[in-house]
$ cat my_file-v1.cif   # mmCIF, C-alpha atoms
data_upload
#
loop_
_atom_site.label_atom_id
_atom_site.label_comp_id
_atom_site.auth_asym_id
_atom_site.auth_seq_id
_atom_site.Cartn_x
_atom_site.Cartn_y
_atom_site.Cartn_z
CA MET A 123 115.79 13.81 36.33
CA VAL A 124 116.11 17.08 34.42
CA LEU A 125 116.34 15.85 30.86
CA GLU A 126 115.98 19.31 29.36
CA ARG A 127 119.43 20.27 30.68
CA ALA A 128 121.13 16.89 30.22
CA ASP A 129 123.57 16.00 27.44
CA LEU A 130 123.32 12.27 28.01
CA ALA A 131 120.81 9.92 29.65
CA VAL A 132 121.84 6.37 30.56
CA TRP A 133 119.01 3.87 30.85
CA LEU A 134 120.01 0.81 32.86
CA ASP A 135 117.58 -1.67 31.30
CA GLN A 136 118.95 -4.76 32.99
CA PRO A 137 117.32 -8.19 32.59
CA LEU A 138 114.61 -8.82 35.16
CA ARG A 139 116.44 -11.88 36.51
CA VAL A 140 119.50 -9.72 37.29
CA ILE A 141 117.40 -7.11 39.09
CA LEU A 142 115.45 -9.68 41.10
CA LEU A 143 118.63 -11.51 42.13
CA ARG A 144 120.19 -8.23 43.29
CA ILE A 145 117.07 -7.33 45.29
CA TRP A 146 117.06 -10.78 46.86
CA ARG A 147 120.73 -10.55 47.87
CA ARG A 148 120.40 -7.02 49.20
CA SER A 149 117.22 -7.82 51.17
CA TRP A 150 118.71 -11.02 52.57
CA ARG A 151 121.83 -9.17 53.78
CA ARG A 152 119.83 -6.33 55.32
CA ILE A 153 117.54 -8.72 57.15
CA ARG A 154 120.34 -11.06 58.24
CA ASP A 155 122.54 -8.20 59.50
CA ASP A 156 119.59 -6.26 61.00
CA VAL A 157 120.57 -3.13 59.04
CA GLU A 158 118.81 0.13 59.86
CA LEU A 159 117.72 1.80 56.63
CA TRP A 160 116.55 5.20 57.95
CA SER A 161 114.90 6.54 61.10
CA GLY A 162 114.94 3.13 62.77
CA ASN A 163 113.27 1.34 59.83
CA LYS A 164 114.49 -2.14 59.01
CA GLU A 165 113.70 -4.43 56.13
CA LYS A 166 111.42 -7.34 57.05
CA TRP A 167 110.59 -10.58 55.21
CA ARG A 168 106.90 -9.70 55.21
CA TYR A 169 107.57 -6.69 52.92
CA THR A 170 109.84 -8.50 50.50
CA PRO A 171 107.07 -10.00 48.28
CA SER A 172 105.60 -6.55 47.58
CA LEU A 173 109.08 -5.29 46.64
CA PHE A 174 109.40 -8.10 44.09
CA SER A 175 105.94 -7.51 42.64
CA TRP A 176 106.54 -3.73 42.36
CA THR A 177 109.86 -4.42 40.62
CA ILE A 178 108.24 -6.74 38.07
CA ARG A 179 105.45 -4.24 37.29
CA SER A 180 107.87 -1.31 37.06
CA HIS A 181 110.29 -3.22 34.82
CA ARG A 182 107.56 -3.97 32.31
CA ARG A 183 106.16 -0.44 32.43
CA HIS A 184 109.57 1.20 31.96
CA ARG A 185 110.40 -0.99 28.99
CA LYS A 186 107.28 0.34 27.29
CA THR A 187 107.47 4.02 28.30
CA GLU A 188 111.17 4.97 28.50
CA PRO A 189 112.03 4.93 24.76
CA GLU A 190 109.15 7.30 23.98
CA ARG A 191 109.88 9.53 26.98
CA LEU A 192 113.56 9.85 26.06
CA SER A 193 112.83 10.45 22.37
CA HIS A 194 110.83 13.61 23.22
CA HIS A 195 114.10 15.38 24.06
CA SER A 196 115.59 16.15 20.67
CA GLY A 197 119.06 17.27 21.78
CA LEU A 198 119.49 14.42 24.22
CA ARG A 199 121.84 11.57 23.49
CA TRP A 200 120.71 8.45 25.31
CA VAL A 201 122.18 5.03 25.82
CA ARG A 202 120.27 1.87 26.72
CA LEU A 203 122.43 -0.65 28.57
CA ARG A 204 120.79 -4.08 28.68
CA SER A 205 123.30 -6.18 30.62
CA PRO A 206 125.95 -5.86 33.32
CA ARG A 207 128.55 -6.44 30.58
CA GLU A 208 127.23 -3.50 28.54
CA VAL A 209 127.40 -1.32 31.66
CA ASP A 210 131.03 -2.32 32.26
CA LEU A 211 131.98 -1.63 28.63
CA PHE A 212 130.19 1.73 28.64
CA VAL A 213 131.84 2.86 31.88
CA GLN A 214 135.25 1.79 30.58
CA ALA A 215 134.75 3.62 27.27
CA GLU A 216 133.49 6.79 28.98
CA SER A 217 136.40 6.71 31.45
CA GLU A 218 138.89 6.41 28.61
CA ARG A 219 137.14 9.23 26.74
CA ALA A 220 137.24 11.47 29.82
CA GLN A 221 140.92 10.71 30.37
CA SER A 222 141.78 11.58 26.79
CA LEU A 223 139.80 14.83 27.04
CA ASN A 224 141.53 15.69 30.32
CA SER A 225 144.99 14.92 28.92
CA GLY A 226 144.26 17.17 25.95
CA ILE A 227 143.27 19.98 28.30
CA ALA A 228 146.40 19.44 30.39
CA LEU A 229 148.63 19.58 27.30
CA ARG A 230 147.06 22.82 26.08
CA ASN A 231 147.61 24.45 29.48
CA MET A 232 151.35 23.71 29.51
#
$ encode --input "my_file-v1.cif" --output "structure tokens"
Amino acid sequence: MVLERADLAVWLDQPLRVILLRIWRRSWRRIRDDVELWSGNKEKWRYTPSLFSWTIRSHRRHRKTEPERLSHHSGLRWVRLRSPREVDLFVQAESERAQSLNSGIALRNM
């Protein structure tokens, strides 16, 4: 990520239970359907526990380090979304904002 050139950073800080459930579902589907990920690689049950443990460690680490890391960029506006509901509301609000900006541009060009 190039934060120095960004106007906005969105931190998806979802609850660990949501993340783990999504990993479980995605892994189960990939294994069940024998999905090729890249270059012939396929997800296997034997690798799934390490994926869960990495996710748990990373989640804790990011919760500690991200606020400080993002605060070092003075001109950066950042948003921390802590639930799927907050993500939905943010996306809806940003979509509406973009539409209103675009309609204003369209009206000025007429």
$ residues_around --input "my_file-v1.cif" --residues "range 207-217 of chain A" --least-positions-apart "5" --cutoff "10 Å" --atoms "only C-alpha atoms" --output "PDB file with C-alpha atoms, keeping the file's coordinate frame"
ATOM      1  CA  VAL A 132     121.840   6.370  30.560  1.00  0.00           C
ATOM      2  CA  TRP A 133     119.010   3.870  30.850  1.00  0.00           C
ATOM      3  CA  LEU A 134     120.010   0.810  32.860  1.00  0.00           C
ATOM      4  CA  ASP A 135     117.580  -1.670  31.300  1.00  0.00           C
ATOM      5  CA  GLN A 136     118.950  -4.760  32.990  1.00  0.00           C
ATOM      6  CA  VAL A 201     122.180   5.030  25.820  1.00  0.00           C
ATOM      7  CA  ARG A 202     120.270   1.870  26.720  1.00  0.00           C
ATOM      8  CA  SER A 222     141.780  11.580  26.790  1.00  0.00           C
ATOM      9  CA  LEU A 223     139.800  14.830  27.040  1.00  0.00           C
TER      10      LEU A 223
END
$ resolve_selection --input "my_file-v1.cif" --expression "the PyMOL selection byres ((chain A and resi 197-200) around 10)" --output "MDAnalysis selection string"
chainID A and resid 125:133 189 192:196 201:203
$ atom_distance --input "my_file-v1.cif" --atom1 "CA of Tyr169 in chain A" --atom2 "CA of Ile145 in chain A"
12.2 Å
$ residues_near_point --input "my_file-v1.cif" --point "(112.4, -13.2, 37.2)" --cutoff "12 Å" --atoms "all atoms listed in the file" --output "number ranges by chain"
A: 136-146, 174-175, 177-179, 181-182
$ write_last_selection --input "my_file-v1.cif" --atoms "C-alpha atoms" --output "JSON list (two decimals), in the coordinates of the input"
[["chain", "number", "residue", "atom", "x", "y", "z"],
["A", 136, "GLN", "CA", 118.95, -4.76, 32.99],
["A", 137, "PRO", "CA", 117.32, -8.19, 32.59],
["A", 138, "LEU", "CA", 114.61, -8.82, 35.16],
["A", 139, "ARG", "CA", 116.44, -11.88, 36.51],
["A", 140, "VAL", "CA", 119.50, -9.72, 37.29],
["A", 141, "ILE", "CA", 117.40, -7.11, 39.09],
["A", 142, "LEU", "CA", 115.45, -9.68, 41.10],
["A", 143, "LEU", "CA", 118.63, -11.51, 42.13],
["A", 144, "ARG", "CA", 120.19, -8.23, 43.29],
["A", 145, "ILE", "CA", 117.07, -7.33, 45.29],
["A", 146, "TRP", "CA", 117.06, -10.78, 46.86],
["A", 174, "PHE", "CA", 109.40, -8.10, 44.09],
["A", 175, "SER", "CA", 105.94, -7.51, 42.64],
["A", 177, "THR", "CA", 109.86, -4.42, 40.62],
["A", 178, "ILE", "CA", 108.24, -6.74, 38.07],
["A", 179, "ARG", "CA", 105.45, -4.24, 37.29],
["A", 181, "HIS", "CA", 110.29, -3.22, 34.82],
["A", 182, "ARG", "CA", 107.56, -3.97, 32.31]]
$ closest_residue --input "my_file-v1.cif" --among "A:Arg147, A:Asn224, A:Ser205, A:Ile153" --to "Trp167 in chain A" --atoms "only C-alpha atoms"
A:Ile153
$ axis_aligned_box --input "my_file-v1.cif" --around "range 210-225 of chain A" --padding-each-side "6 Å" --output "AutoDock Vina command-line options"
--center_x 137.6 --center_y 6.7 --center_z 29.5 --size_x 26.8 --size_y 30.0 --size_z 17.5
$ decode --input "my_file-v1.cif" --residues "range 137-232 of chain A" --atoms "C-alpha atoms" --output "mmCIF file, in the first residue's frame"
data_model
loop_
_atom_site.group_PDB
_atom_site.id
_atom_site.type_symbol
_atom_site.label_atom_id
_atom_site.label_comp_id
_atom_site.auth_asym_id
_atom_site.auth_seq_id
_atom_site.Cartn_x
_atom_site.Cartn_y
_atom_site.Cartn_z
ATOM 1 C CA PRO A 137 -14.217 -9.664 14.327
ATOM 2 C CA LEU A 138 -11.988 -12.729 14.475
ATOM 3 C CA ARG A 139 -15.002 -15.060 14.451
ATOM 4 C CA VAL A 140 -16.155 -13.557 11.125
ATOM 5 C CA ILE A 141 -12.713 -13.963 9.566
ATOM 6 C CA LEU A 142 -12.282 -17.537 10.793
ATOM 7 C CA LEU A 143 -15.742 -18.536 9.566
ATOM 8 C CA ARG A 144 -14.984 -17.076 6.127
ATOM 9 C CA ILE A 145 -11.648 -18.911 5.964
ATOM 10 C CA TRP A 146 -13.358 -22.146 6.980
ATOM 11 C CA ARG A 147 -16.058 -21.788 4.308
ATOM 12 C CA ARG A 148 -13.606 -20.811 1.592
ATOM 13 C CA SER A 149 -11.185 -23.647 2.459
ATOM 14 C CA TRP A 150 -13.991 -26.196 2.664
ATOM 15 C CA ARG A 151 -15.308 -25.191 -0.781
ATOM 16 C CA ARG A 152 -11.850 -25.233 -2.355
ATOM 17 C CA ILE A 153 -11.067 -28.656 -0.942
ATOM 18 C CA ARG A 154 -14.499 -30.103 -1.724
ATOM 19 C CA ASP A 155 -14.487 -28.794 -5.314
ATOM 20 C CA ASP A 156 -10.781 -29.592 -5.857
ATOM 21 C CA VAL A 157 -10.094 -25.987 -6.940
ATOM 22 C CA GLU A 158 -6.710 -25.178 -8.442
ATOM 23 C CA LEU A 159 -5.356 -22.023 -6.807
ATOM 24 C CA TRP A 160 -2.289 -21.347 -9.010
ATOM 25 C CA SER A 161 0.268 -23.411 -10.919
ATOM 26 C CA GLY A 162 -1.439 -26.674 -10.009
ATOM 27 C CA ASN A 163 -1.523 -25.932 -6.254
ATOM 28 C CA LYS A 164 -4.604 -27.022 -4.353
ATOM 29 C CA GLU A 165 -5.676 -26.387 -0.801
ATOM 30 C CA LYS A 166 -5.329 -29.412 1.482
ATOM 31 C CA TRP A 167 -6.760 -30.139 4.944
ATOM 32 C CA ARG A 168 -3.266 -30.614 6.348
ATOM 33 C CA TYR A 169 -2.446 -26.915 5.697
ATOM 34 C CA THR A 170 -5.672 -25.523 7.099
ATOM 35 C CA PRO A 171 -4.594 -25.461 10.802
ATOM 36 C CA SER A 172 -1.560 -23.292 9.998
ATOM 37 C CA LEU A 173 -3.807 -20.899 8.056
ATOM 38 C CA PHE A 174 -6.028 -20.523 11.126
ATOM 39 C CA SER A 175 -3.099 -19.996 13.490
ATOM 40 C CA TRP A 176 -1.505 -17.402 11.165
ATOM 41 C CA THR A 177 -4.843 -15.586 10.946
ATOM 42 C CA ILE A 178 -5.213 -15.434 14.726
ATOM 43 C CA ARG A 179 -1.654 -14.127 15.215
ATOM 44 C CA SER A 180 -1.996 -11.580 12.409
ATOM 45 C CA HIS A 181 -5.365 -10.339 13.672
ATOM 46 C CA ARG A 182 -3.946 -9.602 17.107
ATOM 47 C CA ARG A 183 -0.803 -7.994 15.701
ATOM 48 C CA HIS A 184 -2.713 -5.752 13.280
ATOM 49 C CA ARG A 185 -5.060 -4.553 15.999
ATOM 50 C CA LYS A 186 -2.026 -3.314 17.900
ATOM 51 C CA THR A 187 0.040 -1.874 15.037
ATOM 52 C CA GLU A 188 -2.394 -0.466 12.452
ATOM 53 C CA PRO A 189 -3.666 2.592 14.381
ATOM 54 C CA GLU A 190 -0.109 3.801 14.985
ATOM 55 C CA ARG A 191 1.004 3.023 11.426
ATOM 56 C CA LEU A 192 -1.946 4.903 9.915
ATOM 57 C CA SER A 193 -1.555 7.872 12.268
ATOM 58 C CA HIS A 194 1.972 8.543 10.937
ATOM 59 C CA HIS A 195 0.443 9.824 7.686
ATOM 60 C CA SER A 196 -0.833 13.271 8.606
ATOM 61 C CA GLY A 197 -2.856 14.016 5.468
ATOM 62 C CA LEU A 198 -4.453 10.595 5.354
ATOM 63 C CA ARG A 199 -8.079 10.112 6.253
ATOM 64 C CA TRP A 200 -8.653 6.586 7.499
ATOM 65 C CA VAL A 201 -11.698 4.585 8.407
ATOM 66 C CA ARG A 202 -11.801 1.527 10.659
ATOM 67 C CA LEU A 203 -14.701 -0.790 9.840
ATOM 68 C CA ARG A 204 -15.292 -3.327 12.601
ATOM 69 C CA SER A 205 -18.227 -5.362 11.303
ATOM 70 C CA PRO A 206 -19.799 -6.520 8.047
ATOM 71 C CA ARG A 207 -22.644 -4.073 8.766
ATOM 72 C CA GLU A 208 -20.213 -1.152 9.030
ATOM 73 C CA VAL A 209 -18.662 -2.198 5.707
ATOM 74 C CA ASP A 210 -22.087 -2.260 4.038
ATOM 75 C CA LEU A 211 -23.004 1.162 5.430
ATOM 76 C CA PHE A 212 -19.653 2.651 4.398
ATOM 77 C CA VAL A 213 -19.876 1.286 0.854
ATOM 78 C CA GLN A 214 -23.446 2.567 0.524
ATOM 79 C CA ALA A 215 -22.495 6.034 1.803
ATOM 80 C CA GLU A 216 -19.426 6.256 -0.458
ATOM 81 C CA SER A 217 -21.470 5.102 -3.466
ATOM 82 C CA GLU A 218 -24.083 7.772 -2.791
ATOM 83 C CA ARG A 219 -21.345 10.377 -2.349
ATOM 84 C CA ALA A 220 -19.708 9.374 -5.635
ATOM 85 C CA GLN A 221 -23.050 9.498 -7.449
ATOM 86 C CA SER A 222 -23.787 12.978 -6.137
ATOM 87 C CA LEU A 223 -20.308 14.161 -7.158
ATOM 88 C CA ASN A 224 -20.744 12.632 -10.612
ATOM 89 C CA SER A 225 -24.185 14.180 -11.080
ATOM 90 C CA GLY A 226 -22.764 17.564 -10.134
ATOM 91 C CA ILE A 227 -20.027 17.163 -12.735
ATOM 92 C CA ALA A 228 -22.564 16.090 -15.355
ATOM 93 C CA LEU A 229 -24.755 19.136 -14.639
ATOM 94 C CA ARG A 230 -21.830 21.545 -14.945
ATOM 95 C CA ASN A 231 -20.858 20.056 -18.315
ATOM 96 C CA MET A 232 -24.306 20.608 -19.840
#
